[in-house]
Amino acid sequence: MLEVHNIQVLSWTLNALDISWEIRPTYEDTADYDFYVLRSESAAGPFQVLNSKAPIVPPTAFLFRDGQQPVYSKIRQFRYRIRVVQRGTGDAVEFGSRTRDERSRGDQAIGSVGVEALPDKVLLAINRRFEMLLEKKVGRRVLLLSRMTFGRHCACYDVELRKILLPDCRTCFGVGFTGGYYSPIAIYAKISPVPRGVRRTPELGEVHPSQSMLELGRFPPVKTGDLLVERENRRWHVGQVTTTEKRRAASRQVAAISELEKAKIEYQVPVSFPAGYDFVPTLGLRPRMDPTAQTSDSAILQSGG
Ligand SMILES: [Zn+2]
């Protein structure tokens with residue numbers, strides 16, 4: 001089986017993103033393989049094949065131009081993977097940001113690649129240490145749900161008025177696109193403690209405002225509007241995100257988050273944590289959870305419906 005590496009996503013135009021990749025030197029006949037480009041708006045997927053009818057076949061260049069969605073949004077980020085299919089046997093393997101070596105060391109996550117500056121070796125070491133700190137000492141597992149910024153309009157969305165007519169819609173959860181959010185990603189993150197208070201307003205009655213800070217590594221990229229879910233089913237709206245960078249390559253992200261009132265529609269988004277989930281940071285070494293794995297059917301936290 002061929003091995004894909006050095007996947008890069010670049011763009012010099014607003015109308016398209018260019019995805020390129022390489023394969024490791026091999027004795028196999030590369031003409032026996034088909035290449036497919038997969039894309040998602042969230043690192044957790046679901047990934048969609050962009051060229052299902054027109055696979056890329058060597059010896060053509062390993063290059064694909066994705067012009068299906070313009071890149072006008074500053075917060076939207078596309079993630080890409082490459083799928084290699086051996087035509088005779090139908091065997092398929094996907095490649096993302098993680099090399100086969102990294103994956104063979106117990107970390108099964110494939111990863112994905114977006115438009116981003118590449119880290120140098122110093123930053124890679126810093127990032128690894130910070131992620132270890134989160135995983136072993138100060139962080140805990142939370143679920144991050146990436147908000148859709150395009151897709152199939154929900155029936156509650158009025159295209160002419162450009163607004164959602166039903167804020168409590170259970171199909172899009174107030175996002176405007178069917179489903180509302182992508183699959184949850186389990187991440188290690190640090191949430192600062194929050195002062196809790198009660199405020200009474202003439203319009204809303206009693207509200208419990210709470211603001212906090214979220215700290216996480218460079219992956220997955222969070223954006224304003226995303227949804228954060230804790231094990232205790234406290235849900236947070238992600239506000240402004242600041243990224244620490246070294247030569248423009250991301251190192252860690254700090255986001256302002258605000259806890260949602262329990263009556264909010266975001267509490268109806270179905271979320272479940274995988275079975276056997278360990279929420280306390282481990283001190284020993286153990287294989288990491290696949291952050292892109294689909295969550296299973298255990299411990300459904302959905303409060304209503
Ligand atoms: Zn809707």
# chains A, B, ... in the order shown; residues from 1 in each chain; ligands from 1
>>> closest_atom_pairs(of="stretch 168-225 of chain A", to="stretch 250-259 of chain A", cutoff="10 Å", atoms="only C-alpha atoms", output="CSV")
residue,atom,partner,partner_atom,distance
A:Ala189,CA,A:Gln253,CA,9.8
A:Lys190,CA,A:Val254,CA,9.5
A:Ile191,CA,A:Ile257,CA,9.0
A:Ser192,CA,A:Ile257,CA,10.0
A:Val194,CA,A:Glu259,CA,9.8
A:His208,CA,A:Glu259,CA,8.7
A:Pro209,CA,A:Glu259,CA,7.2
A:Ser210,CA,A:Glu259,CA,5.6
A:Gln211,CA,A:Ser258,CA,4.4
A:Ser212,CA,A:Ile257,CA,5.3
A:Met213,CA,A:Ala256,CA,4.8
A:Leu214,CA,A:Ala255,CA,5.1
A:Glu215,CA,A:Val254,CA,4.6
A:Leu216,CA,A:Gln253,CA,5.4
A:Gly217,CA,A:Arg252,CA,4.3
A:Arg218,CA,A:Arg252,CA,4.5
A:Phe219,CA,A:Arg252,CA,8.0
A:Pro220,CA,A:Gln253,CA,9.4
A:Pro221,CA,A:Gln253,CA,7.9
A:Val222,CA,A:Gln253,CA,7.9
A:Lys223,CA,A:Ala255,CA,8.6
A:Thr224,CA,A:Ala255,CA,8.6
A:Gly225,CA,A:Ile257,CA,9.7
>>> write_last_selection(atoms="N, CA and C atoms", output="PDB file, in the first residue's frame")
ATOM      1  N   ALA A 189      -8.638  19.951  27.589  1.00  0.00           N
ATOM      2  CA  ALA A 189      -8.620  21.403  27.660  1.00  0.00           C
ATOM      3  C   ALA A 189      -8.697  21.829  29.112  1.00  0.00           C
ATOM      4  N   LYS A 190      -8.314  23.064  29.352  1.00  0.00           N
ATOM      5  CA  LYS A 190      -8.372  23.604  30.705  1.00  0.00           C
ATOM      6  C   LYS A 190      -9.443  24.690  30.729  1.00  0.00           C
ATOM      7  N   ILE A 191     -10.342  24.570  31.691  1.00  0.00           N
ATOM      8  CA  ILE A 191     -11.375  25.599  31.855  1.00  0.00           C
ATOM      9  C   ILE A 191     -11.130  26.267  33.200  1.00  0.00           C
ATOM     10  N   SER A 192     -10.993  27.578  33.178  1.00  0.00           N
ATOM     11  CA  SER A 192     -10.730  28.295  34.428  1.00  0.00           C
ATOM     12  C   SER A 192     -11.989  28.296  35.287  1.00  0.00           C
ATOM     13  N   VAL A 194     -15.026  29.646  37.518  1.00  0.00           N
ATOM     14  CA  VAL A 194     -15.834  30.840  37.262  1.00  0.00           C
ATOM     15  C   VAL A 194     -16.589  31.281  38.509  1.00  0.00           C
ATOM     16  N   HIS A 208     -28.141  33.652  35.102  1.00  0.00           N
ATOM     17  CA  HIS A 208     -26.929  33.281  35.839  1.00  0.00           C
ATOM     18  C   HIS A 208     -25.738  33.439  34.914  1.00  0.00           C
ATOM     19  N   PRO A 209     -25.220  34.642  34.815  1.00  0.00           N
ATOM     20  CA  PRO A 209     -24.129  34.830  33.861  1.00  0.00           C
ATOM     21  C   PRO A 209     -22.843  34.175  34.368  1.00  0.00           C
ATOM     22  N   SER A 210     -22.165  33.465  33.499  1.00  0.00           N
ATOM     23  CA  SER A 210     -20.829  32.998  33.870  1.00  0.00           C
ATOM     24  C   SER A 210     -19.944  32.951  32.636  1.00  0.00           C
ATOM     25  N   GLN A 211     -18.813  33.588  32.792  1.00  0.00           N
ATOM     26  CA  GLN A 211     -17.832  33.679  31.719  1.00  0.00           C
ATOM     27  C   GLN A 211     -16.583  32.961  32.183  1.00  0.00           C
ATOM     28  N   SER A 212     -15.890  32.319  31.254  1.00  0.00           N
ATOM     29  CA  SER A 212     -14.650  31.666  31.643  1.00  0.00           C
ATOM     30  C   SER A 212     -13.687  31.658  30.467  1.00  0.00           C
ATOM     31  N   MET A 213     -12.540  31.068  30.712  1.00  0.00           N
ATOM     32  CA  MET A 213     -11.536  30.956  29.660  1.00  0.00           C
ATOM     33  C   MET A 213     -11.259  29.484  29.400  1.00  0.00           C
ATOM     34  N   LEU A 214     -11.102  29.185  28.140  1.00  0.00           N
ATOM     35  CA  LEU A 214     -10.784  27.829  27.712  1.00  0.00           C
ATOM     36  C   LEU A 214      -9.383  27.848  27.119  1.00  0.00           C
ATOM     37  N   GLU A 215      -8.561  26.901  27.548  1.00  0.00           N
ATOM     38  CA  GLU A 215      -7.217  26.798  26.969  1.00  0.00           C
ATOM     39  C   GLU A 215      -7.052  25.425  26.371  1.00  0.00           C
ATOM     40  N   LEU A 216      -6.567  25.368  25.157  1.00  0.00           N
ATOM     41  CA  LEU A 216      -6.306  24.075  24.545  1.00  0.00           C
ATOM     42  C   LEU A 216      -5.131  24.189  23.586  1.00  0.00           C
ATOM     43  N   GLY A 217      -4.703  23.042  23.083  1.00  0.00           N
ATOM     44  CA  GLY A 217      -3.575  23.015  22.158  1.00  0.00           C
ATOM     45  C   GLY A 217      -3.965  23.579  20.807  1.00  0.00           C
ATOM     46  N   ARG A 218      -3.138  23.353  19.819  1.00  0.00           N
ATOM     47  CA  ARG A 218      -3.390  23.953  18.510  1.00  0.00           C
ATOM     48  C   ARG A 218      -4.490  23.220  17.751  1.00  0.00           C
ATOM     49  N   PHE A 219      -4.798  22.010  18.213  1.00  0.00           N
ATOM     50  CA  PHE A 219      -5.757  21.191  17.489  1.00  0.00           C
ATOM     51  C   PHE A 219      -6.876  20.738  18.409  1.00  0.00           C
ATOM     52  N   PRO A 220      -8.099  20.725  17.991  1.00  0.00           N
ATOM     53  CA  PRO A 220      -8.618  21.206  16.712  1.00  0.00           C
ATOM     54  C   PRO A 220      -8.816  22.710  16.746  1.00  0.00           C
ATOM     55  N   PRO A 221      -8.780  23.359  15.599  1.00  0.00           N
ATOM     56  CA  PRO A 221      -9.008  24.806  15.605  1.00  0.00           C
ATOM     57  C   PRO A 221     -10.434  25.127  16.065  1.00  0.00           C
ATOM     58  N   VAL A 222     -10.568  25.973  17.078  1.00  0.00           N
ATOM     59  CA  VAL A 222     -11.907  26.363  17.526  1.00  0.00           C
ATOM     60  C   VAL A 222     -12.262  27.703  16.896  1.00  0.00           C
ATOM     61  N   LYS A 223     -13.544  27.936  16.787  1.00  0.00           N
ATOM     62  CA  LYS A 223     -13.980  29.205  16.225  1.00  0.00           C
ATOM     63  C   LYS A 223     -15.182  29.716  17.009  1.00  0.00           C
ATOM     64  N   THR A 224     -15.449  30.988  16.853  1.00  0.00           N
ATOM     65  CA  THR A 224     -16.595  31.605  17.509  1.00  0.00           C
ATOM     66  C   THR A 224     -17.876  30.885  17.099  1.00  0.00           C
ATOM     67  N   GLY A 225     -18.691  30.568  18.070  1.00  0.00           N
ATOM     68  CA  GLY A 225     -19.956  29.900  17.770  1.00  0.00           C
ATOM     69  C   GLY A 225     -19.933  28.408  18.055  1.00  0.00           C
TER      70      GLY A 225
END
>>> residues_around(residues="A:Phe177", least_positions_apart="4", cutoff="9 Å", atoms="only C-alpha atoms", output="PyMOL selection string")
chain A and resi 148-155+157+171-173+181
>>> residues_around(residues="A:Ser42", least_positions_apart="2", cutoff="9 Å", atoms="only C-alpha atoms", output="VMD selection string")
chain A and resid 39 to 40 44 to 47 77 to 79 145 to 148 182 to 183 185 220 to 221
>>> residues_around(residues="stretch 11-25 of chain A", least_positions_apart="5", cutoff="6 Å", atoms="only C-alpha atoms", output="list in words")
Glu3, Val4, His5, Asn6, Phe62, Leu63, Phe64, Arg65, Asp66, Gly67, Pro70 and Val71 of chain A
>>> write_last_selection(atoms="C-alpha atoms", output="compact mmCIF listing (two decimals), in the first residue's frame")
# COMPACT_ATOMS: atom_id res chain seq x y z
CA GLU A 3 1.91 5.94 1.87
CA VAL A 4 0.87 9.54 1.45
CA HIS A 5 2.70 12.29 3.29
CA ASN A 6 3.36 16.01 3.20
CA PHE A 62 -0.91 14.91 -6.95
CA LEU A 63 -2.87 18.10 -6.98
CA PHE A 64 -6.53 18.89 -6.48
CA ARG A 65 -8.23 22.24 -6.71
CA ASP A 66 -11.24 22.54 -4.43
CA GLY A 67 -13.40 25.30 -5.83
CA PRO A 70 -15.44 29.93 -1.81
CA VAL A 71 -13.12 30.92 1.02
>>> closest_residue(among="A:Ser97, A:Gln268, A:Thr178, A:Gln48", to="ligand 1", atoms="only C-alpha atoms and all ligand atoms")
A:Thr178
>>> closest_residue(among="A:Gly139, A:Arg234, A:Leu204, A:Glu94", to="A:Ile187", atoms="only C-alpha atoms")
A:Gly139
>>> closest_residue(among="A:Leu10, A:Ile126, A:Ala186, A:Val175", to="A:Val269", atoms="only C-alpha atoms")
A:Val175
>>> select_by_dssp(residues="stretch 69-213 of chain A", states="strand (DSSP E)", output="PyMOL selection string")
chain A and resi 79-86+92-95+140-145+157-158+163-164+185-191+199-201+205-207+211-213
>>> write_last_selection(atoms="N, CA and C atoms", output="CSV table (one decimal), in the first residue's frame")
chain,number,residue,atom,x,y,z
A,79,ARG,N,-10.9,21.1,6.5
A,79,ARG,CA,-9.8,20.1,6.8
A,79,ARG,C,-9.9,19.0,5.7
A,80,TYR,N,-8.7,18.6,5.3
A,80,TYR,CA,-8.6,17.6,4.2
A,80,TYR,C,-7.9,16.3,4.6
A,81,ARG,N,-8.3,15.3,3.9
A,81,ARG,CA,-7.6,14.0,4.0
A,81,ARG,C,-7.5,13.4,2.6
A,82,ILE,N,-6.5,12.5,2.4
A,82,ILE,CA,-6.4,11.8,1.2
A,82,ILE,C,-6.7,10.3,1.4
A,83,ARG,N,-7.5,9.8,0.5
A,83,ARG,CA,-7.8,8.4,0.5
A,83,ARG,C,-7.2,7.7,-0.6
A,84,VAL,N,-6.4,6.6,-0.4
A,84,VAL,CA,-5.8,5.8,-1.4
A,84,VAL,C,-6.5,4.5,-1.6
A,85,VAL,N,-6.9,4.2,-2.8
A,85,VAL,CA,-7.6,2.9,-3.0
A,85,VAL,C,-6.9,2.1,-4.0
A,86,GLN,N,-6.6,0.8,-3.6
A,86,GLN,CA,-5.9,-0.1,-4.6
A,86,GLN,C,-7.0,-0.6,-5.5
A,92,ALA,N,-8.5,0.3,1.0
A,92,ALA,CA,-8.4,1.8,1.1
A,92,ALA,C,-7.8,2.2,2.4
A,93,VAL,N,-7.0,3.2,2.3
A,93,VAL,CA,-6.4,3.8,3.5
A,93,VAL,C,-6.5,5.3,3.4
A,94,GLU,N,-6.7,5.9,4.6
A,94,GLU,CA,-6.8,7.4,4.6
A,94,GLU,C,-5.6,8.0,5.3
A,95,PHE,N,-5.2,9.1,4.8
A,95,PHE,CA,-4.0,9.8,5.3
A,95,PHE,C,-4.4,11.2,5.7
A,140,ARG,N,-8.8,18.5,31.3
A,140,ARG,CA,-9.7,17.5,31.4
A,140,ARG,C,-10.4,17.3,30.0
A,141,ARG,N,-11.1,16.1,29.9
A,141,ARG,CA,-11.7,15.9,28.6
A,141,ARG,C,-13.0,16.6,28.5
A,142,VAL,N,-13.2,17.3,27.4
A,142,VAL,CA,-14.4,17.9,27.0
A,142,VAL,C,-14.7,17.6,25.6
A,143,LEU,N,-16.0,17.8,25.2
A,143,LEU,CA,-16.3,17.6,23.8
A,143,LEU,C,-16.5,18.9,23.1
A,144,LEU,N,-15.9,19.1,22.0
A,144,LEU,CA,-16.1,20.3,21.2
A,144,LEU,C,-16.9,20.0,19.9
A,145,LEU,N,-17.9,20.8,19.7
A,145,LEU,CA,-18.8,20.6,18.5
A,145,LEU,C,-18.6,21.8,17.7
A,157,TYR,N,-35.1,28.3,8.1
A,157,TYR,CA,-34.3,29.5,7.7
A,157,TYR,C,-35.0,30.2,6.5
A,158,ASP,N,-35.1,31.5,6.6
A,158,ASP,CA,-35.7,32.2,5.4
A,158,ASP,C,-34.6,32.8,4.6
A,163,LYS,N,-32.6,35.1,7.8
A,163,LYS,CA,-32.6,34.8,9.2
A,163,LYS,C,-33.4,33.6,9.6
A,164,ILE,N,-33.2,33.1,10.8
A,164,ILE,CA,-33.8,31.9,11.3
A,164,ILE,C,-35.2,32.4,11.9
A,185,ILE,N,-15.7,16.3,19.0
A,185,ILE,CA,-14.3,15.9,19.1
A,185,ILE,C,-14.0,15.9,20.6
A,186,ALA,N,-13.4,14.8,21.1
A,186,ALA,CA,-13.0,14.8,22.5
A,186,ALA,C,-11.6,15.4,22.6
A,187,ILE,N,-11.4,16.4,23.4
A,187,ILE,CA,-10.1,17.1,23.5
A,187,ILE,C,-9.8,17.2,25.0
A,188,TYR,N,-8.5,17.4,25.3
A,188,TYR,CA,-8.1,17.8,26.6
A,188,TYR,C,-8.0,19.4,26.6
A,189,ALA,N,-8.6,20.0,27.6
A,189,ALA,CA,-8.6,21.4,27.7
A,189,ALA,C,-8.7,21.8,29.1
A,190,LYS,N,-8.3,23.1,29.4
A,190,LYS,CA,-8.4,23.6,30.7
A,190,LYS,C,-9.4,24.7,30.7
A,191,ILE,N,-10.3,24.6,31.7
A,191,ILE,CA,-11.4,25.6,31.9
A,191,ILE,C,-11.1,26.3,33.2
A,199,ARG,N,-28.3,37.5,38.3
A,199,ARG,CA,-28.7,38.9,38.0
A,199,ARG,C,-30.2,38.9,37.6
A,200,ARG,N,-30.9,39.8,38.0
A,200,ARG,CA,-32.3,39.9,37.7
A,200,ARG,C,-32.5,41.1,36.7
A,201,THR,N,-33.1,40.8,35.6
A,201,THR,CA,-33.4,41.8,34.6
A,201,THR,C,-34.9,41.9,34.4
A,205,GLY,N,-35.9,38.2,33.4
A,205,GLY,CA,-36.1,37.5,34.7
A,205,GLY,C,-34.7,37.2,35.3
A,206,GLU,N,-34.6,36.1,35.9
A,206,GLU,CA,-33.3,35.7,36.6
A,206,GLU,C,-32.3,35.1,35.6
A,207,VAL,N,-31.1,35.6,35.5
A,207,VAL,CA,-30.1,34.9,34.7
A,207,VAL,C,-28.9,34.7,35.5
A,211,GLN,N,-18.8,33.6,32.8
A,211,GLN,CA,-17.8,33.7,31.7
A,211,GLN,C,-16.6,33.0,32.2
A,212,SER,N,-15.9,32.3,31.3
A,212,SER,CA,-14.6,31.7,31.6
A,212,SER,C,-13.7,31.7,30.5
A,213,MET,N,-12.5,31.1,30.7
A,213,MET,CA,-11.5,31.0,29.7
A,213,MET,C,-11.3,29.5,29.4
>>> atom_distance(atom1="atom CA of A:Arg170", atom2="atom 1 (Zn, counted along the ligand's line) of ligand 1")
6.3 Å
>>> select_by_dssp(residues="stretch 34-244 of chain A", states="alpha helix (DSSP H)", output="PyMOL selection string")
chain A and resi 100-104+121-133
>>> closest_residue(among="A:Leu124, A:Val229, A:Leu133, A:Val159", to="A:Glu245", atoms="only C-alpha atoms")
A:Leu124
>>> closest_residue(among="A:Pro119, A:Gly114, A:Pro59, A:Pro167", to="ligand 1", atoms="only C-alpha atoms and all ligand atoms")
A:Pro167
>>> atom_distance(atom1="atom CA of A:Ser272", atom2="atom CA of A:Ala109")
19.3 Å
>>> atom_distance(atom1="atom CA of A:Leu118", atom2="atom CA of A:Ile7")
11.1 Å
>>> decode(residues="stretch 109-151 of chain A", atoms="N, CA and C atoms", output="PDB file, in the first residue's frame")
ATOM      1  N   ALA A 109      -5.239   8.124  15.545  1.00  0.00           N
ATOM      2  CA  ALA A 109      -5.879   9.256  14.868  1.00  0.00           C
ATOM      3  C   ALA A 109      -5.215   9.542  13.530  1.00  0.00           C
ATOM      4  N   ILE A 110      -6.018   9.763  12.520  1.00  0.00           N
ATOM      5  CA  ILE A 110      -5.490  10.047  11.190  1.00  0.00           C
ATOM      6  C   ILE A 110      -5.098  11.514  11.076  1.00  0.00           C
ATOM      7  N   GLY A 111      -5.904  12.363  11.676  1.00  0.00           N
ATOM      8  CA  GLY A 111      -5.649  13.797  11.564  1.00  0.00           C
ATOM      9  C   GLY A 111      -6.142  14.336  10.237  1.00  0.00           C
ATOM     10  N   SER A 112      -5.972  15.602  10.049  1.00  0.00           N
ATOM     11  CA  SER A 112      -6.393  16.234   8.810  1.00  0.00           C
ATOM     12  C   SER A 112      -5.570  17.498   8.631  1.00  0.00           C
ATOM     13  N   VAL A 113      -5.598  18.030   7.417  1.00  0.00           N
ATOM     14  CA  VAL A 113      -4.748  19.170   7.097  1.00  0.00           C
ATOM     15  C   VAL A 113      -5.610  20.328   6.608  1.00  0.00           C
ATOM     16  N   GLY A 114      -5.298  21.516   7.076  1.00  0.00           N
ATOM     17  CA  GLY A 114      -6.002  22.711   6.615  1.00  0.00           C
ATOM     18  C   GLY A 114      -5.004  23.752   6.164  1.00  0.00           C
ATOM     19  N   VAL A 115      -5.490  24.952   5.897  1.00  0.00           N
ATOM     20  CA  VAL A 115      -4.584  26.042   5.519  1.00  0.00           C
ATOM     21  C   VAL A 115      -3.933  26.543   6.797  1.00  0.00           C
ATOM     22  N   GLU A 116      -2.679  26.257   6.969  1.00  0.00           N
ATOM     23  CA  GLU A 116      -2.018  26.670   8.207  1.00  0.00           C
ATOM     24  C   GLU A 116      -0.511  26.724   7.990  1.00  0.00           C
ATOM     25  N   ALA A 117       0.127  27.599   8.762  1.00  0.00           N
ATOM     26  CA  ALA A 117       1.590  27.667   8.710  1.00  0.00           C
ATOM     27  C   ALA A 117       2.154  26.424   9.379  1.00  0.00           C
ATOM     28  N   LEU A 118       3.254  25.911   8.852  1.00  0.00           N
ATOM     29  CA  LEU A 118       3.811  24.682   9.408  1.00  0.00           C
ATOM     30  C   LEU A 118       4.733  25.007  10.582  1.00  0.00           C
ATOM     31  N   PRO A 119       4.634  24.250  11.670  1.00  0.00           N
ATOM     32  CA  PRO A 119       5.483  24.512  12.825  1.00  0.00           C
ATOM     33  C   PRO A 119       6.924  24.052  12.588  1.00  0.00           C
ATOM     34  N   ASP A 120       7.878  24.783  13.182  1.00  0.00           N
ATOM     35  CA  ASP A 120       9.261  24.297  13.127  1.00  0.00           C
ATOM     36  C   ASP A 120       9.491  23.302  14.263  1.00  0.00           C
ATOM     37  N   LYS A 121      10.735  22.787  14.367  1.00  0.00           N
ATOM     38  CA  LYS A 121      10.972  21.710  15.337  1.00  0.00           C
ATOM     39  C   LYS A 121      10.827  22.191  16.769  1.00  0.00           C
ATOM     40  N   VAL A 122      11.229  23.451  17.018  1.00  0.00           N
ATOM     41  CA  VAL A 122      11.113  23.992  18.375  1.00  0.00           C
ATOM     42  C   VAL A 122       9.651  24.070  18.778  1.00  0.00           C
ATOM     43  N   LEU A 123       8.838  24.561  17.858  1.00  0.00           N
ATOM     44  CA  LEU A 123       7.414  24.690  18.169  1.00  0.00           C
ATOM     45  C   LEU A 123       6.764  23.319  18.345  1.00  0.00           C
ATOM     46  N   LEU A 124       7.204  22.345  17.555  1.00  0.00           N
ATOM     47  CA  LEU A 124       6.654  21.000  17.712  1.00  0.00           C
ATOM     48  C   LEU A 124       6.921  20.486  19.124  1.00  0.00           C
ATOM     49  N   ALA A 125       8.138  20.752  19.627  1.00  0.00           N
ATOM     50  CA  ALA A 125       8.475  20.316  20.986  1.00  0.00           C
ATOM     51  C   ALA A 125       7.626  21.060  22.015  1.00  0.00           C
ATOM     52  N   ILE A 126       7.459  22.369  21.808  1.00  0.00           N
ATOM     53  CA  ILE A 126       6.637  23.155  22.735  1.00  0.00           C
ATOM     54  C   ILE A 126       5.206  22.627  22.745  1.00  0.00           C
ATOM     55  N   ASN A 127       4.692  22.367  21.560  1.00  0.00           N
ATOM     56  CA  ASN A 127       3.310  21.889  21.462  1.00  0.00           C
ATOM     57  C   ASN A 127       3.130  20.545  22.152  1.00  0.00           C
ATOM     58  N   ARG A 128       4.113  19.672  21.949  1.00  0.00           N
ATOM     59  CA  ARG A 128       4.023  18.344  22.578  1.00  0.00           C
ATOM     60  C   ARG A 128       3.994  18.466  24.089  1.00  0.00           C
ATOM     61  N   ARG A 129       4.861  19.349  24.632  1.00  0.00           N
ATOM     62  CA  ARG A 129       4.899  19.538  26.083  1.00  0.00           C
ATOM     63  C   ARG A 129       3.593  20.123  26.600  1.00  0.00           C
ATOM     64  N   PHE A 130       3.072  21.074  25.870  1.00  0.00           N
ATOM     65  CA  PHE A 130       1.832  21.699  26.329  1.00  0.00           C
ATOM     66  C   PHE A 130       0.681  20.688  26.300  1.00  0.00           C
ATOM     67  N   GLU A 131       0.654  19.873  25.251  1.00  0.00           N
ATOM     68  CA  GLU A 131      -0.411  18.877  25.180  1.00  0.00           C
ATOM     69  C   GLU A 131      -0.282  17.845  26.280  1.00  0.00           C
ATOM     70  N   MET A 132       0.976  17.509  26.613  1.00  0.00           N
ATOM     71  CA  MET A 132       1.196  16.569  27.720  1.00  0.00           C
ATOM     72  C   MET A 132       0.753  17.190  29.039  1.00  0.00           C
ATOM     73  N   LEU A 133       1.046  18.476  29.215  1.00  0.00           N
ATOM     74  CA  LEU A 133       0.626  19.183  30.427  1.00  0.00           C
ATOM     75  C   LEU A 133      -0.899  19.161  30.558  1.00  0.00           C
ATOM     76  N   LEU A 134      -1.570  19.402  29.467  1.00  0.00           N
ATOM     77  CA  LEU A 134      -3.036  19.367  29.495  1.00  0.00           C
ATOM     78  C   LEU A 134      -3.539  17.974  29.828  1.00  0.00           C
ATOM     79  N   GLU A 135      -2.891  16.994  29.207  1.00  0.00           N
ATOM     80  CA  GLU A 135      -3.391  15.625  29.334  1.00  0.00           C
ATOM     81  C   GLU A 135      -3.093  15.041  30.709  1.00  0.00           C
ATOM     82  N   LYS A 136      -1.959  15.403  31.289  1.00  0.00           N
ATOM     83  CA  LYS A 136      -1.542  14.744  32.533  1.00  0.00           C
ATOM     84  C   LYS A 136      -1.809  15.584  33.769  1.00  0.00           C
ATOM     85  N   LYS A 137      -1.873  16.885  33.637  1.00  0.00           N
ATOM     86  CA  LYS A 137      -1.902  17.715  34.849  1.00  0.00           C
ATOM     87  C   LYS A 137      -3.129  18.624  34.947  1.00  0.00           C
ATOM     88  N   VAL A 138      -3.273  19.511  34.019  1.00  0.00           N
ATOM     89  CA  VAL A 138      -4.228  20.596  34.254  1.00  0.00           C
ATOM     90  C   VAL A 138      -5.515  20.495  33.440  1.00  0.00           C
ATOM     91  N   GLY A 139      -5.523  19.627  32.437  1.00  0.00           N
ATOM     92  CA  GLY A 139      -6.685  19.608  31.553  1.00  0.00           C
ATOM     93  C   GLY A 139      -7.676  18.527  31.934  1.00  0.00           C
ATOM     94  N   ARG A 140      -8.783  18.532  31.266  1.00  0.00           N
ATOM     95  CA  ARG A 140      -9.749  17.450  31.374  1.00  0.00           C
ATOM     96  C   ARG A 140     -10.409  17.284  30.025  1.00  0.00           C
ATOM     97  N   ARG A 141     -11.062  16.142  29.879  1.00  0.00           N
ATOM     98  CA  ARG A 141     -11.676  15.887  28.585  1.00  0.00           C
ATOM     99  C   ARG A 141     -13.003  16.600  28.465  1.00  0.00           C
ATOM    100  N   VAL A 142     -13.156  17.255  27.354  1.00  0.00           N
ATOM    101  CA  VAL A 142     -14.429  17.897  27.045  1.00  0.00           C
ATOM    102  C   VAL A 142     -14.738  17.583  25.585  1.00  0.00           C
ATOM    103  N   LEU A 143     -15.956  17.823  25.208  1.00  0.00           N
ATOM    104  CA  LEU A 143     -16.324  17.606  23.813  1.00  0.00           C
ATOM    105  C   LEU A 143     -16.500  18.941  23.126  1.00  0.00           C
ATOM    106  N   LEU A 144     -15.931  19.051  21.957  1.00  0.00           N
ATOM    107  CA  LEU A 144     -16.057  20.272  21.181  1.00  0.00           C
ATOM    108  C   LEU A 144     -16.886  19.978  19.934  1.00  0.00           C
ATOM    109  N   LEU A 145     -17.921  20.766  19.736  1.00  0.00           N
ATOM    110  CA  LEU A 145     -18.764  20.602  18.546  1.00  0.00           C
ATOM    111  C   LEU A 145     -18.593  21.828  17.661  1.00  0.00           C
ATOM    112  N   SER A 146     -18.115  21.576  16.468  1.00  0.00           N
ATOM    113  CA  SER A 146     -17.852  22.659  15.538  1.00  0.00           C
ATOM    114  C   SER A 146     -19.163  23.080  14.858  1.00  0.00           C
ATOM    115  N   ARG A 147     -19.419  24.359  14.831  1.00  0.00           N
ATOM    116  CA  ARG A 147     -20.666  24.878  14.269  1.00  0.00           C
ATOM    117  C   ARG A 147     -20.588  24.916  12.751  1.00  0.00           C
ATOM    118  N   MET A 148     -21.655  24.507  12.093  1.00  0.00           N
ATOM    119  CA  MET A 148     -21.675  24.537  10.624  1.00  0.00           C
ATOM    120  C   MET A 148     -21.768  25.975  10.135  1.00  0.00           C
ATOM    121  N   THR A 149     -21.027  26.280   9.079  1.00  0.00           N
ATOM    122  CA  THR A 149     -21.158  27.607   8.493  1.00  0.00           C
ATOM    123  C   THR A 149     -21.708  27.536   7.070  1.00  0.00           C
ATOM    124  N   PHE A 150     -21.941  26.331   6.595  1.00  0.00           N
ATOM    125  CA  PHE A 150     -22.609  26.173   5.300  1.00  0.00           C
ATOM    126  C   PHE A 150     -23.234  24.795   5.296  1.00  0.00           C
ATOM    127  N   GLY A 151     -23.988  24.501   4.259  1.00  0.00           N
ATOM    128  CA  GLY A 151     -24.620  23.193   4.162  1.00  0.00           C
ATOM    129  C   GLY A 151     -26.040  23.338   3.674  1.00  0.00           C
TER     130      GLY A 151
END
